[in-house]
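Okay, my_file17.txt now, which holds compact mmCIF, C-alpha atoms:
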```txt
# COMPACT_ATOMS: atom_id res chain seq x y z
CA MET Z 1 98.69 125.75 131.18
CA SER Z 2 95.52 125.05 129.18
CA PHE Z 3 93.69 127.77 127.27
CA LYS Z 4 89.98 127.17 126.85
CA PHE Z 5 89.15 125.27 123.65
CA ARG Z 6 86.28 126.89 121.74
CA TRP Z 7 84.97 125.49 118.47
CA ASN Z 8 83.84 127.82 115.70
CA VAL Z 9 80.83 126.04 114.25
CA TYR Z 10 80.59 128.48 111.35
CA ALA Z 11 84.15 128.08 110.02
CA ASP Z 12 84.78 124.45 111.09
CA GLN Z 13 87.85 125.26 113.16
CA PRO Z 14 88.78 126.31 116.70
CA HIS Z 15 88.82 129.93 117.77
CA ASN Z 16 92.27 131.30 118.58
CA VAL Z 17 93.12 130.28 122.15
CA ALA Z 18 94.42 133.71 123.20
CA LEU Z 19 96.06 136.90 121.99
CA LYS Z 20 99.64 136.54 120.73
CA LYS Z 21 101.03 138.47 123.72
CA ASP Z 22 99.33 135.99 126.08
CA ARG Z 23 100.62 132.96 124.17
CA LEU Z 24 104.24 134.13 124.07
CA PRO Z 25 105.19 133.13 127.67
CA TYR Z 26 103.97 129.60 127.05
CA HIS Z 27 105.90 129.35 123.80
CA LEU Z 28 109.02 130.32 125.72
CA LYS Z 29 108.50 127.31 127.98
CA HIS Z 30 109.01 125.10 124.94
CA THR Z 31 112.35 126.67 123.99
CA ALA Z 32 114.16 123.36 124.41
CA SER Z 33 112.03 121.74 121.71
CA TYR Z 34 112.90 124.58 119.32
CA PHE Z 35 116.61 123.90 119.80
CA GLY Z 36 115.85 120.25 119.07
CA LEU Z 37 114.30 121.34 115.79
CA LEU Z 38 117.40 123.33 114.89
CA ALA Z 39 119.66 120.36 115.51
CA SER Z 40 117.46 117.98 113.53
CA ASN Z 41 117.23 120.31 110.55
CA PHE Z 42 120.90 121.26 110.55
CA ARG Z 43 121.90 117.62 110.01
CA LYS Z 44 119.51 117.35 107.06
CA THR Z 45 120.33 120.65 105.34
CA VAL Z 46 122.89 119.44 102.81
CA PRO Z 47 121.06 116.28 101.63
CA VAL Z 48 117.75 118.16 101.49
CA LEU Z 49 119.16 121.01 99.38
CA SER Z 50 120.80 118.47 97.08
CA ARG Z 51 117.48 116.67 96.61
CA TYR Z 52 115.72 119.99 96.08
CA ARG Z 53 118.07 120.94 93.24
CA GLU Z 54 117.45 117.59 91.57
CA ASN Z 55 113.70 117.98 92.02
CA ARG Z 56 113.75 121.40 90.42
CA LYS Z 57 115.66 120.09 87.39
CA LYS Z 58 113.09 117.40 86.59
CA MET Z 59 109.93 119.15 87.75
CA HIS Z 60 107.48 119.87 84.90
CA VAL Z 61 109.98 118.28 82.51
CA GLU Z 62 109.54 114.55 82.98
CA PRO Z 63 106.21 112.89 82.04
CA VAL Z 64 103.80 112.28 84.92
CA ARG Z 65 100.93 109.80 84.86
CA ILE Z 66 97.78 111.37 86.36
CA GLU Z 67 95.90 108.30 87.60
CA SER Z 68 93.31 109.23 90.24
CA PRO Z 69 94.96 111.81 92.52
CA ILE Z 70 92.10 114.30 92.90
CA ALA Z 71 90.23 113.90 96.18
CA LEU Z 72 87.59 115.84 98.09
CA SER Z 73 86.79 116.10 101.80
CA VAL Z 74 83.21 115.87 103.01
CA SER Z 75 81.29 116.04 106.27
CA PRO Z 76 78.20 114.00 107.11
CA SER Z 77 74.98 115.95 107.44
CA GLU Z 78 72.41 114.59 109.84
CA LYS Z 79 69.50 115.70 107.63
CA ARG Z 80 71.03 115.80 104.12
CA THR Z 81 73.65 113.04 104.03
CA GLU Z 82 72.21 111.49 100.88
CA GLU Z 83 72.45 114.86 99.13
CA VAL Z 84 76.08 115.20 100.18
CA LEU Z 85 76.80 111.78 98.73
CA GLU Z 86 75.04 112.58 95.44
CA LEU Z 87 77.01 115.81 95.06
CA LEU Z 88 80.24 113.96 95.76
CA ARG Z 89 79.39 111.38 93.13
CA GLU Z 90 78.51 114.16 90.65
CA THR Z 91 82.08 115.46 90.83
CA GLY Z 92 83.37 112.10 89.60
CA ILE Z 93 85.73 111.81 92.57
CA HIS Z 94 86.20 108.43 94.24
CA LYS Z 95 88.44 109.37 97.16
CA THR Z 96 87.30 111.34 100.18
CA LEU Z 97 88.39 112.41 103.65
CA VAL Z 98 86.17 112.83 106.70
CA ARG Z 99 87.20 114.46 109.98
CA ILE Z 100 86.40 112.85 113.32
CA PRO Z 101 87.12 115.22 116.24
CA SER Z 102 88.10 113.56 119.51
CA TRP Z 103 85.39 115.58 121.27
CA GLU Z 104 82.74 113.98 119.04
CA SER Z 105 83.56 110.38 119.94
CA GLY Z 106 79.97 110.02 121.16
CA LYS Z 107 78.74 110.49 117.58
CA LEU Z 108 80.51 107.54 116.01
CA ASP Z 109 77.17 106.00 115.04
CA VAL Z 110 76.55 109.00 112.75
CA PHE Z 111 79.97 108.60 111.15
CA GLU Z 112 79.51 104.84 110.77
CA LYS Z 113 76.25 105.29 108.88
CA PHE Z 114 77.90 107.77 106.52
CA PHE Z 115 80.99 105.59 106.03
CA ASN Z 116 78.82 102.63 105.07
CA LEU Z 117 77.19 104.78 102.38
CA LEU Z 118 80.60 105.71 101.00
CA LEU Z 119 81.67 102.08 101.00
CA LYS Z 120 78.48 101.07 99.20
CA HIS Z 121 79.37 103.45 96.36
CA ASP Z 122 83.04 102.36 96.18
CA ILE Z 123 84.39 105.66 97.50
CA GLU Z 124 87.74 105.29 99.25
CA LEU Z 125 87.81 106.84 102.72
CA THR Z 126 90.53 108.50 104.73
CA VAL Z 127 89.67 109.52 108.29
CA ALA Z 128 91.37 112.56 109.84
CA LEU Z 129 91.55 112.43 113.65
CA LEU Z 130 91.33 115.88 115.26
CA GLN Z 131 92.81 116.73 118.66
CA GLN Z 132 92.31 119.45 121.27
CA ARG Z 133 94.43 120.67 124.19
CA ASP Z 134 92.80 118.36 126.75
CA ASP Z 135 94.00 115.35 124.71
CA VAL Z 136 97.59 116.36 125.45
CA PHE Z 137 96.85 116.50 129.19
CA ASN Z 138 94.75 113.34 129.19
CA PRO Z 139 96.67 110.81 127.03
CA SER Z 140 94.63 107.85 128.21
CA ARG Z 141 91.45 109.44 126.85
CA TRP Z 142 93.15 110.20 123.53
CA GLN Z 143 94.43 106.62 123.29
CA HIS Z 144 90.95 105.31 124.05
CA PHE Z 145 89.64 107.49 121.22
CA LEU Z 146 92.24 106.08 118.82
CA ASP Z 147 91.47 102.52 119.90
CA GLU Z 148 87.74 103.02 119.46
CA VAL Z 149 88.04 104.62 116.01
CA PHE Z 150 90.58 102.11 114.68
CA SER Z 151 88.65 99.09 115.94
CA ARG Z 152 85.35 100.37 114.62
CA PHE Z 153 86.44 101.62 111.19
CA ALA Z 154 89.45 99.45 110.31
CA ARG Z 155 87.45 97.74 107.58
CA THR Z 156 85.77 100.90 106.31
CA ALA Z 157 88.63 103.42 106.10
CA SER Z 158 91.73 102.88 104.01
CA PHE Z 159 93.84 105.40 105.95
CA PHE Z 160 93.80 107.36 109.21
CA GLU Z 161 95.48 110.75 109.48
CA VAL Z 162 96.76 111.25 113.03
CA GLY Z 163 96.33 114.78 114.35
CA HIS Z 164 95.55 117.95 112.50
CA ALA Z 165 97.29 121.31 111.95
CA TRP Z 166 99.04 120.84 115.29
CA ASN Z 167 101.57 123.58 114.51
CA ARG Z 168 98.79 126.07 115.23
CA THR Z 169 98.18 126.53 118.97
CA LYS Z 170 94.44 126.84 118.52
CA TRP Z 171 94.49 123.12 117.71
CA GLY Z 172 95.85 122.37 121.17
CA VAL Z 173 99.49 121.38 120.59
CA TRP Z 174 102.37 123.62 121.61
CA SER Z 175 105.44 121.76 120.33
CA TYR Z 176 106.41 118.87 118.08
CA LYS Z 177 107.19 116.83 121.20
CA GLU Z 178 103.59 117.19 122.33
CA TYR Z 179 102.46 116.04 118.90
CA LEU Z 180 104.67 112.98 119.19
CA LYS Z 181 102.95 112.09 122.45
CA LEU Z 182 99.68 111.98 120.52
CA ALA Z 183 101.04 110.22 117.43
CA LEU Z 184 103.25 107.51 118.96
CA PRO Z 185 100.38 105.54 120.55
CA ALA Z 186 98.76 105.35 117.11
CA VAL Z 187 101.70 103.33 115.79
CA SER Z 188 101.18 100.33 118.08
CA LEU Z 189 97.40 100.53 117.70
CA ALA Z 190 97.75 100.65 113.92
CA LYS Z 191 99.65 97.37 114.05
CA LYS Z 192 97.01 95.89 116.34
CA TYR Z 193 94.16 96.71 113.95
CA SER Z 194 96.14 96.52 110.68
CA VAL Z 195 95.39 100.10 109.65
CA LYS Z 196 97.53 102.53 107.66
CA LEU Z 197 98.61 105.88 109.09
CA VAL Z 198 98.92 109.28 107.42
CA GLY Z 199 100.73 112.25 108.92
CA PRO Z 200 102.06 114.50 110.29
CA ALA Z 201 99.43 116.94 108.89
CA VAL Z 202 101.58 120.05 109.30
CA ILE Z 203 99.80 123.15 108.00
CA ASP Z 204 101.36 125.80 105.75
CA PHE Z 205 104.98 126.47 104.84
CA GLU Z 206 106.64 125.10 108.00
CA PHE Z 207 108.72 122.26 106.62
CA HIS Z 208 111.26 122.38 109.46
CA LEU Z 209 108.81 120.33 111.55
CA TYR Z 210 109.09 117.24 109.37
CA PRO Z 211 112.60 115.86 110.14
CA PRO Z 212 112.15 115.13 113.88
CA VAL Z 213 108.60 113.84 113.46
CA LEU Z 214 109.30 111.59 110.47
CA LYS Z 215 112.30 110.17 112.30
CA ALA Z 216 109.99 109.01 115.10
CA ILE Z 217 106.80 108.02 113.25
CA PRO Z 218 106.72 105.58 110.28
CA PHE Z 219 103.69 107.00 108.48
CA ASN Z 220 102.45 105.01 105.48
CA LYS Z 221 101.77 108.28 103.66
CA VAL Z 222 103.31 111.65 104.52
CA SER Z 223 100.80 114.50 104.59
CA SER Z 224 100.81 118.28 104.45
CA LEU Z 225 98.08 120.90 104.69
CA LEU Z 226 99.82 123.07 102.13
CA TYR Z 227 97.84 126.29 102.06
CA VAL Z 228 99.07 129.20 99.98
CA ASP Z 229 95.95 131.35 100.29
CA ARG Z 230 97.60 134.29 102.04
CA MET Z 231 99.64 134.84 98.87
CA GLY Z 232 96.54 134.90 96.67
CA ALA Z 233 97.31 133.08 93.43
CA PRO Z 234 99.27 129.80 93.74
CA GLU Z 235 101.98 131.24 91.44
CA ASN Z 236 102.65 134.14 93.83
CA LEU Z 237 105.80 134.17 95.93
CA GLN Z 238 106.14 133.76 99.69
CA TYR Z 239 109.69 134.52 100.82
CA GLY Z 240 110.75 133.77 97.23
CA TRP Z 241 108.83 130.47 97.01
CA ASP Z 242 105.80 129.79 94.83
CA THR Z 243 103.66 126.65 95.06
CA SER Z 244 105.83 124.67 92.63
CA ARG Z 245 109.03 125.46 94.53
CA LYS Z 246 107.34 124.67 97.84
CA VAL Z 247 106.26 121.26 96.58
CA ALA Z 248 109.77 120.52 95.31
CA LEU Z 249 111.24 121.54 98.66
CA LEU Z 250 108.65 119.63 100.68
CA LYS Z 251 109.34 116.47 98.71
CA ALA Z 252 113.06 116.97 99.30
CA VAL Z 253 112.53 117.46 103.05
CA VAL Z 254 110.31 114.39 103.30
CA ASP Z 255 112.59 112.08 101.30
CA GLY Z 256 115.70 113.47 102.99
CA SER Z 257 114.18 112.95 106.43
CA CYS Z 258 113.12 109.37 105.63
CA GLY Z 259 116.26 108.39 103.76
CA GLY Z 260 114.36 107.46 100.60
CA GLU Z 261 111.36 108.10 98.38
CA ARG Z 262 108.06 108.53 100.23
CA ASP Z 263 104.53 109.12 98.98
CA LEU Z 264 103.37 112.68 99.65
CA TRP Z 265 99.75 113.75 100.09
CA ILE Z 266 98.26 117.20 100.47
CA THR Z 267 95.29 116.47 102.70
CA GLU Z 268 93.83 119.96 102.88
CA VAL Z 269 93.76 123.12 100.80
CA ASN Z 270 91.21 125.80 99.93
CA TRP Z 271 90.71 129.53 99.46
CA PRO Z 272 88.20 131.27 101.80
CA LEU Z 273 85.58 133.42 100.15
CA LYS Z 274 84.77 137.12 100.27
CA GLY Z 275 81.35 138.13 101.49
CA THR Z 276 80.80 135.05 103.66
CA GLY Z 277 81.35 136.87 106.96
CA LYS Z 278 81.48 134.61 110.01
CA TYR Z 279 81.58 131.51 107.80
CA SER Z 280 85.02 132.36 106.41
CA PRO Z 281 87.91 130.60 108.21
CA ALA Z 282 90.13 133.65 107.64
CA SER Z 283 89.84 137.40 107.57
CA GLY Z 284 91.18 140.01 105.21
CA LYS Z 285 93.61 139.24 102.41
CA PRO Z 286 93.14 135.43 102.08
CA ASN Z 287 89.49 135.86 101.06
CA VAL Z 288 88.90 135.77 97.32
CA SER Z 289 85.95 135.95 94.93
CA GLU Z 290 84.19 132.77 93.82
CA GLU Z 291 85.71 133.15 90.34
CA GLU Z 292 89.20 133.50 91.77
CA GLN Z 293 88.69 130.47 93.99
CA ALA Z 294 87.70 128.35 90.99
CA ASN Z 295 90.70 129.57 88.98
CA TYR Z 296 93.14 128.98 91.82
CA LEU Z 297 91.74 125.51 92.52
CA VAL Z 298 92.53 124.27 89.00
CA ARG Z 299 95.89 126.00 88.85
CA TYR Z 300 96.97 124.66 92.26
CA PHE Z 301 96.07 121.07 91.39
CA ILE Z 302 97.83 121.19 88.04
CA LEU Z 303 100.98 122.83 89.40
CA CYS Z 304 101.26 120.21 92.15
CA LEU Z 305 100.23 117.09 90.27
CA THR Z 306 102.39 117.72 87.20
CA SER Z 307 105.43 118.16 89.44
CA GLY Z 308 105.45 114.40 89.96
CA PHE Z 309 106.00 114.88 93.69
CA VAL Z 310 102.42 114.80 95.01
CA GLU Z 311 100.47 111.55 94.87
CA ARG Z 312 97.12 112.92 96.03
CA ILE Z 313 95.40 116.24 96.90
CA TYR Z 314 92.24 116.69 98.98
CA TRP Z 315 90.22 119.89 98.58
CA TRP Z 316 88.60 120.98 101.87
CA GLN Z 317 85.65 120.68 101.46
CA LEU Z 318 82.50 119.90 99.43
CA VAL Z 319 79.81 121.74 101.43
CA ALA Z 320 80.72 124.85 103.46
CA PRO Z 321 79.34 128.41 103.31
CA GLY Z 322 82.69 130.15 103.76
CA TYR Z 323 84.93 128.18 101.40
CA GLY Z 324 83.26 125.01 100.08
CA LEU Z 325 82.29 124.04 96.56
CA ILE Z 326 78.67 124.20 97.68
CA ASP Z 327 77.09 127.19 99.42
CA SER Z 328 74.69 125.79 102.02
CA ARG Z 329 73.42 129.04 103.57
CA LYS Z 330 70.01 128.71 101.93
CA LYS Z 331 67.60 125.79 101.87
CA LYS Z 332 68.47 125.12 98.23
CA TRP Z 333 72.19 124.47 98.10
CA ARG Z 334 74.09 126.29 95.36
CA ARG Z 335 76.93 124.90 93.27
CA ARG Z 336 79.71 127.46 93.11
CA PRO Z 337 82.00 127.94 90.07
CA SER Z 338 84.65 125.89 91.89
CA PHE Z 339 82.29 122.88 91.87
CA TYR Z 340 82.09 122.92 88.09
CA ALA Z 341 85.80 123.68 87.77
CA LEU Z 342 86.70 120.64 89.87
CA LYS Z 343 84.21 118.41 88.05
CA THR Z 344 85.64 119.41 84.66
CA MET Z 345 89.22 118.95 85.78
CA VAL Z 346 88.50 115.46 87.13
CA SER Z 347 86.82 114.37 83.90
CA LEU Z 348 89.70 115.57 81.72
CA LEU Z 349 92.83 115.06 83.81
CA GLU Z 350 92.28 111.71 85.49
CA GLY Z 351 93.70 108.93 83.36
CA SER Z 352 95.88 111.36 81.38
CA THR Z 353 99.63 111.82 81.16
CA PHE Z 354 101.35 115.16 81.59
CA THR Z 355 103.92 115.41 78.78
CA GLY Z 356 105.58 118.77 79.40
CA LYS Z 357 105.27 122.55 79.36
CA ILE Z 358 105.12 124.74 76.27
CA PRO Z 359 107.47 127.71 76.70
CA HIS Z 360 105.75 131.08 76.87
CA SER Z 361 106.96 134.38 78.27
CA GLU Z 362 103.65 135.29 79.93
CA ALA Z 363 101.41 132.21 80.17
CA LEU Z 364 101.67 128.79 81.75
CA ILE Z 365 100.84 126.05 79.23
CA PHE Z 366 100.78 122.40 80.33
CA SER Z 367 100.48 119.59 77.76
CA PHE Z 368 98.59 116.32 78.32
CA CYS Z 369 97.60 113.25 76.36
CA LYS Z 370 94.70 110.94 77.14
CA GLY Z 371 94.06 108.05 74.81
CA LYS Z 372 93.97 109.55 71.32
CA ASN Z 373 93.37 113.07 72.62
CA ASN Z 374 96.03 115.71 73.06
CA PHE Z 375 95.24 118.87 74.98
CA VAL Z 376 96.82 121.68 76.93
CA VAL Z 377 95.68 123.58 80.01
CA CYS Z 378 96.71 127.23 79.90
CA TRP Z 379 96.35 130.37 81.98
CA THR Z 380 98.20 133.49 83.02
CA ASN Z 381 98.86 134.95 86.45
CA GLY Z 382 99.05 138.45 85.07
CA ALA Z 383 97.57 140.42 82.21
CA PRO Z 384 95.78 138.52 79.42
CA CYS Z 385 97.94 137.48 76.48
CA GLU Z 386 97.79 135.41 73.30
CA HIS Z 387 99.39 132.23 72.06
CA VAL Z 388 99.54 130.83 68.54
CA PHE Z 389 99.48 127.04 68.48
CA THR Z 390 101.62 125.29 65.87
CA ARG Z 391 99.13 122.41 65.67
CA ARG Z 392 95.52 122.63 64.56
CA ILE Z 393 93.04 123.33 67.35
CA MET Z 394 90.20 120.80 67.52
CA GLY Z 395 88.19 122.45 70.31
CA ILE Z 396 88.37 124.58 73.44
CA LEU Z 397 86.63 124.10 76.78
CA SER Z 398 86.36 126.67 79.53
CA ARG Z 399 87.44 126.04 83.10
CA ASP Z 400 83.87 124.88 83.82
CA GLY Z 401 83.53 122.61 80.78
CA GLU Z 402 81.67 124.93 78.41
CA GLU Z 403 82.63 125.04 74.71
CA ILE Z 404 84.45 128.18 73.60
CA PRO Z 405 84.21 129.24 69.94
CA PHE Z 406 87.44 129.93 68.06
CA LYS Z 407 88.47 131.02 64.54
CA ASP Z 408 92.09 129.99 64.19
CA GLU Z 409 95.12 128.81 66.14
CA ARG Z 410 95.53 132.14 67.96
CA ILE Z 411 93.76 132.11 71.33
CA GLY Z 412 93.51 134.50 74.23
CA ILE Z 413 94.74 133.37 77.64
CA ASP Z 414 93.78 134.88 80.99
CA GLY Z 415 93.52 133.88 84.65
CA SER Z 416 90.75 131.36 84.00
CA PRO Z 417 92.27 128.04 82.84
CA LYS Z 418 91.24 126.80 79.38
CA TYR Z 419 91.46 123.28 77.95
CA VAL Z 420 92.65 123.46 74.34
CA PHE Z 421 92.41 120.25 72.31
CA ILE Z 422 94.96 120.01 69.52
CA GLU Z 423 95.49 117.70 66.57
```

Could I get this structure in the form of structure tokens?
Amino acid sequence: MSFKFRWNVYADQPHNVALKKDRLPYHLKHTASYFGLLASNFRKTVPVLSRYRENRKKMHVEPVRIESPIALSVSPSEKRTEEVLELLRETGIHKTLVRIPSWESGKLDVFEKFFNLLLKHDIELTVALLQQRDDVFNPSRWQHFLDEVFSRFARTASFFEVGHAWNRTKWGVWSYKEYLKLALPAVSLAKKYSVKLVGPAVIDFEFHLYPPVLKAIPFNKVSSLLYVDRMGAPENLQYGWDTSRKVALLKAVVDGSCGGERDLWITEVNWPLKGTGKYSPASGKPNVSEEEQANYLVRYFILCLTSGFVERIYWWQLVAPGYGLIDSRKKKWRRRPSFYALKTMVSLLEGSTFTGKIPHSEALIFSFCKGKNNFVVCWTNGAPCEHVFTRRIMGILSRDGEEIPFKDERIGIDGSPKYVFIE
């Protein structure tokens, strides 16, 4: 059975295919695949939990080199592509991801022009390949799409992510076995064109899907769309798990499924914004203010990157009315607080080394060194508090890179991350 695929041009995602009560009978038809998931996960439970315990012991304790892990997704604009590129360059980011939907295969000339611009400015490109329900029913068309994209962009793109958020039915896939039917042809074609694959692009906290997929597909990089927006702040708990614990568990699941260490990427994350109406990709609780989005962006990146378990994180995306760093609803595009927050974080964190956490009962304080500079990033997920530094403070920058005056070594900490430079 195929539900009609309808694209939401305002939120850059499909509409839900049907009401939950209408989808249930079709989920029941895939019961056998769910039992397969149980069997696959049961065999991995003990080694995964053992790895998770080890991950938790060393997380935020061992030093982590922060090379160039901060990445940003973009979309080409037929009329303002040059402006998109200039904004991307302004952030200081040199790694980007661009989606190519299978139903837009007739627009590859537009993508090629944009990719050549990225290449000209030494920006590394990852291409995410999006599927719909008809691709499951018409595998030859999907394989032709893969062949065309790989052959055309093998020299332009460094990586190709196969499939997207397929554990949500609105994206056209109803079981992990259906996803495998889409992903397996990419393996042979990747060898043919000497391209590197990323996957499986599972969205949210559904790590049970990794073992059977990673057993079948030898991805060069393992990816997750690890959203935590429905919990609000990244430190908030979901079933007892905050972002840090989720990352430790995900790394354990991935390594346990593959039988060894694997590179882990988060290829999509954002927080949708209040007051953006039809442009928001979510409704209700997940929507936050622009200030909250900027705070959560920095906190999420730091929590994940200092864990030592995530090699790269892509924020989705640069320009989007309902969630992007740039609000494009008016002729003159507006940089949101999250744009400046990301730009500041890139300039300070990339090339640094995380050296550990400073204990505090209320705040989170992460220490870094970069060349001759020592600094901490600090914030709280609750009420404001204070911290007295034992070393002389040399300067303080706000989340957005503005200088903050100070009198002594006692500083106030709140939900907006601060960069405190110490002697």

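The coordinates place CA of Phe159 in chain Z at 29.7 Å from CA of Asn295 in chain Z.
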
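By all atoms listed in the file, and with residues fewer than 2 positions from range 99-115 of chain Z along its chain excluded, the set lying at most 6 Å from it is Leu117, Leu118, Val127, Ala128, Leu129, Leu130 and Gln131 of chain Z.
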
Residues at most 9 Å from Ala216 in chain Z, counting only C-alpha atoms, excluding those fewer than 4 positions away in the same chain, as a PyMOL selection string? chain Z and resi 180+184+211-212

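Considering the residues Z:Pro417, Z:Pro359, Z:Pro14, Z:Pro76 and counting only C-alpha atoms, Gln293 in chain Z has its shortest atom-to-atom contact with Z:Pro417.
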
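A straight line drawn from CA of Asp122 in chain Z to CA of Leu88 in chain Z is 11.9 Å long.
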
Excluding Val202 in chain Z and any residue of its chain fewer than 2 positions from it, enumerate the residues within 10 Å of it, using all atoms listed in the file, and give them as a PyMOL selection string. chain Z and resi 163-168+199-200+204-210+222-226+266-267

Neighbours of range 361-365 of chain Z within 6 Å (all atoms listed in the file; same-chain residues fewer than 2 positions away dropped), as a PyMOL selection string? chain Z and resi 357-358+377-380

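The shell of residues at most 10 Å from Asn381 in chain Z, with only C-alpha atoms counted and near chain neighbours (fewer than 4 positions) removed, consists of Ala233, Pro234, Glu235, Asn236, Tyr296, Arg299, Glu362, Ala363, Leu364, Ile413, Asp414, Gly415 and Ser416 of chain Z.
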
Quick test: take range 203-218 of chain Z, keep N, CA and C atoms, and write it as a short mmCIF file (atom, residue, chain, number, x, y, z; two decimals), in the first residue's frame.
```cif
data_model
loop_
_atom_site.label_atom_id
_atom_site.label_comp_id
_atom_site.auth_asym_id
_atom_site.auth_seq_id
_atom_site.Cartn_x
_atom_site.Cartn_y
_atom_site.Cartn_z
N ILE Z 203 16.76 8.80 12.51
CA ILE Z 203 16.43 10.02 13.22
C ILE Z 203 15.96 9.71 14.65
N ASP Z 204 16.39 10.55 15.58
CA ASP Z 204 15.96 10.52 16.97
C ASP Z 204 16.55 9.33 17.74
N PHE Z 205 15.96 9.08 18.89
CA PHE Z 205 16.50 8.14 19.88
C PHE Z 205 15.98 6.73 19.61
N GLU Z 206 16.32 6.17 18.45
CA GLU Z 206 15.85 4.84 18.06
C GLU Z 206 17.04 3.98 17.66
N PHE Z 207 17.91 3.75 18.64
CA PHE Z 207 19.19 3.10 18.38
C PHE Z 207 19.07 1.60 18.09
N HIS Z 208 17.90 1.02 18.36
CA HIS Z 208 17.70 -0.40 18.10
C HIS Z 208 17.74 -0.73 16.60
N LEU Z 209 17.67 0.30 15.76
CA LEU Z 209 17.67 0.07 14.31
C LEU Z 209 19.08 -0.11 13.75
N TYR Z 210 20.09 0.23 14.52
CA TYR Z 210 21.45 0.17 14.00
C TYR Z 210 22.02 -1.25 13.82
N PRO Z 211 21.87 -2.17 14.78
CA PRO Z 211 22.53 -3.47 14.63
C PRO Z 211 22.23 -4.21 13.33
N PRO Z 212 20.96 -4.40 12.92
CA PRO Z 212 20.73 -5.16 11.69
C PRO Z 212 21.19 -4.42 10.43
N VAL Z 213 21.11 -3.09 10.45
CA VAL Z 213 21.51 -2.32 9.27
C VAL Z 213 23.03 -2.29 9.14
N LEU Z 214 23.73 -2.04 10.24
CA LEU Z 214 25.19 -1.97 10.17
C LEU Z 214 25.82 -3.33 9.89
N LYS Z 215 25.10 -4.38 10.21
CA LYS Z 215 25.58 -5.72 9.87
C LYS Z 215 25.57 -5.94 8.36
N ALA Z 216 24.63 -5.28 7.67
CA ALA Z 216 24.44 -5.50 6.24
C ALA Z 216 25.17 -4.48 5.36
N ILE Z 217 25.37 -3.26 5.88
CA ILE Z 217 25.91 -2.17 5.06
C ILE Z 217 27.22 -1.66 5.65
N PRO Z 218 28.32 -1.73 4.91
CA PRO Z 218 29.62 -1.23 5.41
C PRO Z 218 29.81 0.26 5.15
#
```
